>>> print(open('my_file-v3.csv').read())   # CSV, C-alpha atoms
chain,number,residue,atom,x,y,z
X,807,MET,CA,-2.1,28.2,28.5
X,808,ASN,CA,-4.2,26.8,25.7
X,809,LYS,CA,-3.8,23.0,25.5
X,810,TRP,CA,-3.2,23.4,21.8
X,811,ASP,CA,-0.1,25.4,22.5
X,812,THR,CA,1.3,22.0,23.8
X,813,LEU,CA,-0.5,19.7,21.3
X,814,THR,CA,0.3,21.6,18.1
X,815,PRO,CA,4.0,20.7,18.0
X,816,VAL,CA,3.2,17.1,18.8
X,817,LEU,CA,0.5,17.1,16.1
X,818,LEU,CA,2.9,18.5,13.5
X,819,GLN,CA,5.5,15.8,14.4
X,820,SER,CA,2.8,13.1,14.1
X,821,ILE,CA,1.8,14.4,10.6
X,822,GLY,CA,5.5,14.2,9.6
X,823,GLU,CA,5.8,10.6,11.0
X,824,THR,CA,2.7,9.5,9.1
X,825,VAL,CA,3.9,11.1,5.8
X,826,TYR,CA,7.3,9.3,6.4
X,827,MET,CA,5.7,5.9,7.1
X,828,VAL,CA,3.4,6.2,4.1
X,829,ALA,CA,6.0,7.4,1.7
X,830,VAL,CA,8.7,4.8,2.6
X,831,SER,CA,6.2,1.9,2.8
X,832,LEU,CA,4.5,2.8,-0.4
X,833,ALA,CA,7.8,3.3,-2.3
X,834,ILE,CA,9.2,-0.1,-1.3
X,835,SER,CA,5.9,-2.0,-1.6
X,836,GLY,CA,5.0,-0.3,-4.8
X,837,VAL,CA,8.1,-1.6,-6.6
X,838,ALA,CA,8.1,-5.0,-4.9
X,839,GLY,CA,4.4,-5.5,-5.5
X,840,LEU,CA,4.7,-4.6,-9.1
X,841,ALA,CA,7.5,-7.2,-9.5
X,842,ILE,CA,5.6,-9.9,-7.8
X,843,GLY,CA,2.3,-9.0,-9.5
X,844,ALA,CA,4.0,-9.2,-12.9
X,845,LEU,CA,5.6,-12.5,-11.9
X,846,LEU,CA,2.1,-13.9,-11.0
X,847,TYR,CA,0.7,-12.7,-14.3
X,848,ALA,CA,3.6,-14.0,-16.4
X,849,THR,CA,3.8,-17.4,-14.8
X,850,ARG,CA,0.1,-18.2,-14.9
X,851,PRO,CA,-0.7,-21.4,-16.8
X,852,GLY,CA,-0.6,-20.7,-20.5
X,853,ASN,CA,0.9,-17.2,-20.2
X,854,LEU,CA,4.2,-15.7,-21.3
X,855,PHE,CA,6.5,-17.5,-18.8
X,856,ALA,CA,4.1,-20.2,-17.6
X,857,ASN,CA,5.5,-22.0,-14.6
X,858,ARG,CA,3.1,-23.8,-12.3
X,859,VAL,CA,5.6,-24.1,-9.4
X,860,VAL,CA,6.5,-20.4,-9.3
X,861,PHE,CA,2.9,-19.3,-9.7
X,862,PHE,CA,1.7,-21.7,-7.1
X,863,VAL,CA,4.3,-20.6,-4.5
X,864,ALA,CA,3.8,-16.9,-5.1
X,865,ASN,CA,0.0,-17.2,-5.1
X,866,LEU,CA,0.1,-19.3,-1.9
X,867,VAL,CA,2.2,-16.7,-0.1
X,868,ILE,CA,-0.2,-13.9,-1.0
X,869,ASN,CA,-3.2,-15.9,-0.1
X,870,LEU,CA,-1.7,-16.7,3.3
X,871,ILE,CA,-0.8,-13.2,4.2
X,872,ARG,CA,-3.5,-11.0,2.6
X,873,PRO,CA,-6.5,-12.2,4.7
X,874,ILE,CA,-4.8,-11.6,8.1
X,875,PRO,CA,-6.3,-8.5,9.8
X,876,PHE,CA,-3.6,-5.9,9.9
X,877,ILE,CA,-3.8,-5.3,13.6
X,878,ILE,CA,-3.1,-9.0,14.2
X,879,PHE,CA,-0.4,-9.0,11.5
X,880,LEU,CA,1.4,-6.2,13.3
X,881,THR,CA,2.0,-8.5,16.3
X,882,ALA,CA,2.5,-11.7,14.3
X,883,VAL,CA,5.5,-10.3,12.4
X,884,ALA,CA,7.0,-8.6,15.5
X,885,PRO,CA,10.0,-11.0,15.5
X,886,VAL,CA,10.8,-10.0,11.9
X,887,THR,CA,10.3,-6.3,12.7
X,888,ARG,CA,12.7,-6.6,15.7
X,889,ALA,CA,15.3,-8.4,13.5
X,890,VAL,CA,15.1,-5.7,10.9
X,891,THR,CA,14.9,-2.5,13.0
X,892,GLY,CA,16.0,-3.7,16.4
X,893,SER,CA,12.7,-2.7,18.0
X,894,THR,CA,8.9,-3.2,17.6
X,895,LEU,CA,8.2,0.4,18.5
X,896,GLY,CA,8.4,3.6,16.5
X,897,THR,CA,7.9,4.7,12.9
X,898,ASP,CA,10.8,2.6,11.5
X,899,ALA,CA,9.4,-0.5,13.1
X,900,ALA,CA,5.9,0.2,11.8
X,901,ILE,CA,7.2,0.5,8.2
X,902,VAL,CA,8.2,-3.3,8.2
X,903,PRO,CA,4.7,-4.8,8.6
X,904,ILE,CA,3.1,-2.1,6.6
X,905,THR,CA,5.5,-2.7,3.7
X,906,ILE,CA,5.0,-6.5,3.8
X,907,MET,CA,1.2,-6.3,3.9
X,908,ALA,CA,1.1,-3.6,1.2
X,909,THR,CA,3.4,-5.6,-1.0
X,910,VAL,CA,1.1,-8.6,-1.1
X,911,VAL,CA,-2.0,-6.6,-1.7
X,912,ILE,CA,-0.3,-4.5,-4.5
X,913,ALA,CA,0.9,-7.7,-6.1
X,914,ARG,CA,-2.7,-9.0,-6.3
X,915,VAL,CA,-3.9,-5.7,-7.6
X,916,VAL,CA,-1.2,-5.6,-10.3
X,917,GLU,CA,-1.9,-9.2,-11.3
X,918,GLN,CA,-5.7,-8.6,-11.6
X,919,ASN,CA,-5.1,-5.5,-13.8
X,920,LEU,CA,-2.6,-7.2,-16.0
X,921,VAL,CA,-4.9,-10.2,-16.5
X,922,ALA,CA,-7.6,-7.8,-17.7
X,923,VAL,CA,-5.4,-6.7,-20.7
X,924,ASP,CA,-6.8,-7.9,-24.0
X,925,PRO,CA,-5.0,-11.2,-24.9
X,926,GLY,CA,-5.3,-10.2,-28.5
X,927,THR,CA,-2.8,-7.3,-27.8
X,928,VAL,CA,-0.3,-9.8,-26.4
X,929,GLU,CA,-0.8,-12.2,-29.3
X,930,ALA,CA,-0.3,-9.4,-31.8
X,931,ALA,CA,2.9,-8.3,-30.2
X,932,ARG,CA,4.2,-11.9,-30.2
X,933,ALA,CA,3.2,-12.3,-33.8
X,934,VAL,CA,5.5,-9.5,-34.9
X,935,GLY,CA,8.4,-11.1,-33.1
X,936,ALA,CA,8.5,-9.2,-29.8
X,937,ARG,CA,10.4,-11.0,-27.0
X,938,ARG,CA,8.3,-12.2,-24.1
X,939,ILE,CA,10.0,-9.9,-21.6
X,940,GLY,CA,9.4,-7.1,-24.0
X,941,VAL,CA,5.8,-7.9,-24.3
X,942,LEU,CA,5.4,-7.9,-20.6
X,943,PHE,CA,7.1,-4.6,-19.9
X,944,GLY,CA,6.6,-2.9,-23.2
X,945,VAL,CA,3.0,-3.9,-24.0
X,946,VAL,CA,1.1,-5.5,-21.1
X,947,ILE,CA,2.1,-3.1,-18.3
X,948,PRO,CA,1.7,0.1,-20.4
X,949,GLU,CA,-1.8,-1.1,-21.5
X,950,ALA,CA,-2.8,-1.5,-17.9
X,951,LEU,CA,-1.2,1.7,-16.7
X,952,ALA,CA,-4.4,3.7,-16.0
X,953,PRO,CA,-6.0,1.0,-13.9
X,954,LEU,CA,-2.7,0.4,-12.2
X,955,ILE,CA,-2.5,4.0,-11.1
X,956,LEU,CA,-6.0,3.8,-9.7
X,957,GLY,CA,-5.0,0.6,-7.9
X,958,TYR,CA,-2.0,2.3,-6.4
X,959,THR,CA,-4.2,5.2,-5.4
X,960,PHE,CA,-6.4,2.7,-3.5
X,961,MET,CA,-3.2,1.3,-1.9
X,962,PHE,CA,-2.1,4.8,-0.8
X,963,ILE,CA,-5.4,5.1,1.1
X,964,ALA,CA,-4.9,1.6,2.5
X,965,VAL,CA,-1.4,2.4,3.7
X,966,VAL,CA,-2.6,5.6,5.4
X,967,ASP,CA,-5.1,3.4,7.2
X,968,MET,CA,-2.4,0.9,8.2
X,969,SER,CA,-0.1,3.7,9.4
X,970,ALA,CA,-2.9,4.8,11.7
X,971,MET,CA,-3.5,1.3,13.1
X,972,ALA,CA,0.3,1.0,13.7
X,973,GLY,CA,-0.1,3.9,16.2
X,974,TYR,CA,-2.1,1.5,18.4
X,975,ILE,CA,1.1,-0.4,19.2
X,976,GLY,CA,3.4,2.6,19.5
X,977,GLY,CA,4.1,3.1,15.8
X,978,GLY,CA,3.9,6.9,16.0
X,979,GLY,CA,2.1,9.1,13.5
X,980,LEU,CA,-1.5,10.4,13.6
X,981,GLY,CA,-2.9,7.1,14.9
X,982,ASN,CA,-0.7,7.3,17.9
X,983,PHE,CA,-1.6,11.0,18.4
X,984,ALA,CA,-5.4,10.2,18.3
X,985,ILE,CA,-5.0,7.4,20.8
X,986,ILE,CA,-2.8,9.1,23.3
X,987,TYR,CA,-4.1,12.7,23.2
X,988,GLY,CA,-7.6,12.0,22.0
X,989,TYR,CA,-9.0,8.6,23.2
X,990,GLN,CA,-6.9,8.2,26.4
X,991,GLN,CA,-7.3,11.8,27.5
X,992,PHE,CA,-11.0,12.0,26.5
X,993,ASN,CA,-10.2,14.8,24.1
X,994,GLN,CA,-12.7,14.6,21.3
X,995,GLN,CA,-11.3,17.7,19.7
X,996,ALA,CA,-7.9,16.1,19.2
X,997,THR,CA,-9.6,13.0,17.8
X,998,TRP,CA,-11.6,15.0,15.3
X,999,VAL,CA,-8.6,17.1,14.3
X,1000,THR,CA,-6.8,13.9,13.5
X,1001,VAL,CA,-9.7,12.6,11.5
X,1002,ALA,CA,-9.9,15.8,9.5
X,1003,ILE,CA,-6.2,15.7,8.7
X,1004,ILE,CA,-6.3,12.1,7.5
X,1005,VAL,CA,-9.4,12.9,5.4
X,1006,VAL,CA,-7.4,15.7,3.7
X,1007,ILE,CA,-4.4,13.5,3.1
X,1008,VAL,CA,-6.6,10.8,1.6
X,1009,GLN,CA,-8.5,13.2,-0.6
X,1010,VAL,CA,-5.4,14.8,-2.0
X,1011,GLY,CA,-4.0,11.4,-2.8
X,1012,GLN,CA,-7.3,10.4,-4.5
X,1013,LEU,CA,-7.4,13.6,-6.6
X,1014,ILE,CA,-3.8,13.1,-7.8
X,1015,GLY,CA,-4.4,9.5,-8.6
X,1016,ASN,CA,-7.6,10.2,-10.5
X,1017,ALA,CA,-6.0,13.0,-12.4
X,1018,LEU,CA,-3.1,10.9,-13.5
X,1019,ALA,CA,-5.3,8.0,-14.6
X,1020,HIS,CA,-7.6,10.4,-16.5
X,1021,ARG,CA,-4.6,11.9,-18.3
X,1022,ILE,CA,-3.3,8.5,-19.4
X,1023,LEU,CA,-6.8,7.4,-20.6
X,1024,ARG,CA,-7.1,10.6,-22.8
X,1025,ARG,CA,-3.9,9.8,-24.7
>>> encode(input="my_file-v3.csv", output="structure tokens")
Amino acid sequence: MNKWDTLTPVLLQSIGETVYMVAVSLAISGVAGLAIGALLYATRPGNLFANRVVFFVANLVINLIRPIPFIIFLTAVAPVTRAVTGSTLGTDAAIVPITIMATVVIARVVEQNLVAVDPGTVEAARAVGARRIGVLFGVVIPEALAPLILGYTFMFIAVVDMSAMAGYIGGGGLGNFAIIYGYQQFNQQATWVTVAIIVVIVQVGQLIGNALAHRILRR
């Protein structure tokens, strides 16, 4: 019997696990990261809701978490993962560290893109009587929408990468498939099939992100 008769169902399950991990992690971290990034932007000194304490704390948390290599972060937050999911193994467990890390990175990406918005646009909106919260969500974020979409596209690729690394500690998905059926069994074919599938997933995400950003820029 051809070995792929056995591996194909496992590979399909692994693809489903990767899609599940990426979709759930990106959905949660996308919203949380946008909120934290907007908070960072708004509370910067001299900005809409300037608050040195809030900005300092949020900025410090991001600066503490973001530099940690993800493979180390996986094990560092194992107690949190166990508390949330009851285990440190499996796709649900992998979602916890992926979501935390993606949230802080997205927050920084959002902040940087919002800071790049022309201050004159903000001042003009304030001059006509727009409320500060209205300026933030009605002017600043829409102005930065195209770069934000590209930033989220970058994060989609990063989350796919993190989901693959999560497979190293039993997180499931394509990373786990490549390690167990490729690396550990000296099966280069399984490894390269996994690589090809990940490349396709990344390219599709990149194309969609680029198309959306281009459409917004043309408006």
>>> closest_residue(input="my_file-v3.csv", among="X:Leu942, X:Leu920, X:Val910, X:Ala936", to="X:Ile874", atoms="all atoms listed in the file")
X:Val910
>>> atom_distance(input="my_file-v3.csv", atom1="atom CA of X:Ile1003", atom2="atom CA of X:Thr891")
28.2 Å
>>> closest_atom_pairs(input="my_file-v3.csv", of="stretch 853-956 of chain X", to="stretch 821-839 of chain X", cutoff="6 Å", atoms="all atoms listed in the file", output="tab-separated table")
residue	atom	partner	partner_atom	distance
X:Ile901	CA	X:Ser831	CA	5.7
X:Thr905	CA	X:Ser831	CA	4.7
X:Ala908	CA	X:Ser835	CA	5.8
X:Thr909	CA	X:Ser835	CA	4.4
X:Ile912	CA	X:Gly839	CA	4.9
X:Ala913	CA	X:Gly839	CA	4.2
>>> atom_distance(input="my_file-v3.csv", atom1="atom CA of X:Gly896", atom2="atom CA of X:Phe960")
24.9 Å
>>> closest_residue(input="my_file-v3.csv", among="X:Ala1002, X:Val916, X:Leu818, X:Leu956", to="X:Ala841", atoms="all atoms listed in the file")
X:Val916
>>> residues_near_point(input="my_file-v3.csv", point="(6.7, -14.3, -24.5)", cutoff="8 Å", atoms="all atoms listed in the file", output="list in words")
Asn853, Leu854, Phe855, Arg932, Ala936, Arg937, Arg938, Ile939, Gly940, Val941 and Leu942 of chain X
>>> residues_around(input="my_file-v3.csv", residues="X:Pro903", least_positions_apart="2", cutoff="8 Å", atoms="all atoms listed in the file", output="ChimeraX atom specification")
/X:879-880,883,887,899-901,905-907
